[in-house]
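Colleague: Please find one structure pasted underneath; my questions will follow.
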Amino acid sequence: MSNYNNTLSSTALFLLAIGLALAAFFIERVNDHRHAEVIRHSVQDRLEIVESRLESNLISDMQLVKALVAVVAADPNLDQKRFTRAMKTLFEGHSRLKNISAAPDLIIRMMYPIEGNELAIGLDYRTLPNQYPAVALAQRTRKIILNGPIKLIQGGCGFIARIPIYLDTETAKEVFWGLSSTVIHCEKLYKDSGLLDETLELDIAIRARNDGEAWGSVFFGSTEVFETAPVLTEVSLPYGAWQLAAIPHGGWPQHAENLWTLRIILLIVGALVFFPVWGLLRALHRANAAQESLVNALSLTEATLEATITAFW
């Protein structure tokens with residue numbers, strides 16, 4: 001009977017320990033999951049701020065090429081002098097822009113500012129294999145096409161926003177006049193949009209696509225960001241989009257920040273459950289052992305008494 005009780009007590013304690021361990025594991029997993037959700041929402045909020053700034057900056061910068069369309073429509077025979085006068089006013093306040101050009105019949109004839117951009121004057125887009133596809137796309141779609149980042153002939157890196165210019169004729173049929181382009185400074189765009197802000201504590205990557213096409217290569221940040229379950233958002237463009245991906249700086253945390261605090265609490269709670277049960281079972285075992293000893297002693301006394309009476313008679 002004693003061995004049976006010992007086995008039963010040991011089994012009960014073993015099952016209790018397993019149950020407490022499983023409960024602790026489940027609670028830890030739930031805690032990690034909730035922490036991951038909090039972190040993900042935080043990343044989403046911060047990325048959306050960057051996305052909003054980036055989209056706003058791009059729209060603001062691309063408005064300048066739209067303004068040039070109106071200038072050309074009013075003066076199709078525009079020359080460099082009148083072009084400079086018109087663009088000087090429009091260019092004010094656009095610190096991210098490197099230049100703006102006009103290319104009648106796809107040959108760059110006018111540029112503002114000219115200083116530092118002299119090498120671009122006279123270039124025929126049809127002779128530039130790295131730029132002409134975007135030019136042809138703008139001409140075909142009649143939309144602003146944002147291309148880049150690319151290495152510029154004038155030096156440095158930039159995004160180029162291009163818009164085709166069509167003019168009305170007396171026959172009411174539009175004719176292609178040429179192209180308006182503006183170059184957006186890469187680093188200034190990144191900085192003004194918050195992409196270089198280390199206080200965000202984010203690893204951000206960006207890739208682009210045109211309408212109806214697959215996403216292209218990553219042009220900002222690391223390709224690995226897109227491969228590690230990132231938070232995603234998009235910047236809408238007149239033709240196509242940019243996709244932004246973000247993860248916490250250094251990657252997603254594997255466990256909640258309060259992991260060891262939680263484990264200590266679970267250990268204390270487990271001890272408060274396990275040891276009282278162990279003490280109770282031990283007390284019951286001792287009581288059972290004492291009762292068994294008493295029964296054995298009574299049985300022995302009874303047997304001795306019976307033997308004495310039998311011998312007396």
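Ligands are numbered from 1 in the order shown, chains are lettered A, B, ... in the order of the structure tokens, and residues start at 1 in each chain.
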From a DSSP pass on the backbone, collect the residues of segment 22-207 of chain A flagged as strand (DSSP E) and hand them back as a PyMOL selection string.
Modeller: chain A and resi 97-104+110-112+145-151+157-167+175-185+202-207
Colleague: Taking C-alpha atoms for each residue, export the selection above as an mmCIF file, in the first residue's frame.
Modeller:
```
data_model
loop_
_atom_site.group_PDB
_atom_site.id
_atom_site.type_symbol
_atom_site.label_atom_id
_atom_site.label_comp_id
_atom_site.auth_asym_id
_atom_site.auth_seq_id
_atom_site.Cartn_x
_atom_site.Cartn_y
_atom_site.Cartn_z
ATOM 1 C CA LEU A 97 15.746 69.983 -57.768
ATOM 2 C CA LYS A 98 19.054 70.021 -59.611
ATOM 3 C CA ASN A 99 17.702 71.408 -62.871
ATOM 4 C CA ILE A 100 14.794 71.579 -65.283
ATOM 5 C CA SER A 101 15.069 71.260 -69.039
ATOM 6 C CA ALA A 102 12.984 71.586 -72.171
ATOM 7 C CA ALA A 103 13.646 69.332 -75.145
ATOM 8 C CA PRO A 104 11.729 70.303 -78.276
ATOM 9 C CA MET A 110 16.955 74.893 -72.788
ATOM 10 C CA MET A 111 18.170 74.327 -69.245
ATOM 11 C CA TYR A 112 17.868 76.051 -65.882
ATOM 12 C CA ILE A 145 7.256 59.180 -65.810
ATOM 13 C CA LEU A 146 9.589 59.057 -62.817
ATOM 14 C CA ASN A 147 12.798 57.261 -63.664
ATOM 15 C CA GLY A 148 15.835 56.445 -61.543
ATOM 16 C CA PRO A 149 17.928 56.739 -59.608
ATOM 17 C CA ILE A 150 20.408 57.103 -62.452
ATOM 18 C CA LYS A 151 23.930 58.423 -62.827
ATOM 19 C CA CYS A 157 22.683 60.808 -58.918
ATOM 20 C CA GLY A 158 19.101 61.783 -59.476
ATOM 21 C CA PHE A 159 15.537 60.847 -60.251
ATOM 22 C CA ILE A 160 14.212 62.243 -63.508
ATOM 23 C CA ALA A 161 10.578 63.261 -63.872
ATOM 24 C CA ARG A 162 9.562 63.592 -67.511
ATOM 25 C CA ILE A 163 6.327 64.807 -69.058
ATOM 26 C CA PRO A 164 5.534 65.029 -72.772
ATOM 27 C CA ILE A 165 4.277 68.334 -74.118
ATOM 28 C CA TYR A 166 1.507 68.288 -76.695
ATOM 29 C CA LEU A 167 0.200 71.488 -78.257
ATOM 30 C CA VAL A 175 1.029 67.639 -82.004
ATOM 31 C CA PHE A 176 4.026 66.505 -80.007
ATOM 32 C CA TRP A 177 6.221 69.498 -79.133
ATOM 33 C CA GLY A 178 8.825 67.788 -77.006
ATOM 34 C CA LEU A 179 9.660 66.887 -73.449
ATOM 35 C CA SER A 180 9.996 68.635 -70.102
ATOM 36 C CA SER A 181 12.288 67.065 -67.518
ATOM 37 C CA THR A 182 13.412 67.863 -64.010
ATOM 38 C CA VAL A 183 16.115 66.150 -61.992
ATOM 39 C CA ILE A 184 15.458 65.474 -58.313
ATOM 40 C CA HIS A 185 18.503 65.165 -56.067
ATOM 41 C CA LEU A 202 14.074 51.306 -39.122
ATOM 42 C CA ASP A 203 15.753 49.436 -41.964
ATOM 43 C CA ILE A 204 13.904 50.625 -45.082
ATOM 44 C CA ALA A 205 14.133 49.412 -48.664
ATOM 45 C CA ILE A 206 12.387 50.714 -51.797
ATOM 46 C CA ARG A 207 11.652 49.255 -55.209
#
```
Colleague: Check segment 28-233 of chain A with DSSP on the backbone and list each residue it calls alpha helix (DSSP H), as a ChimeraX atom specification.
Modeller: /A:28-74,80-91,132-141,186-193
Colleague: Using only C-alpha atoms for the distances, tell me which of A:Leu267, A:Ser60, A:Val225, A:Ala86 is nearest to Ala74 of chain A.
Modeller: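 Counting only C-alpha atoms, the residue closest to Ala74 of chain A is A:Ala86.
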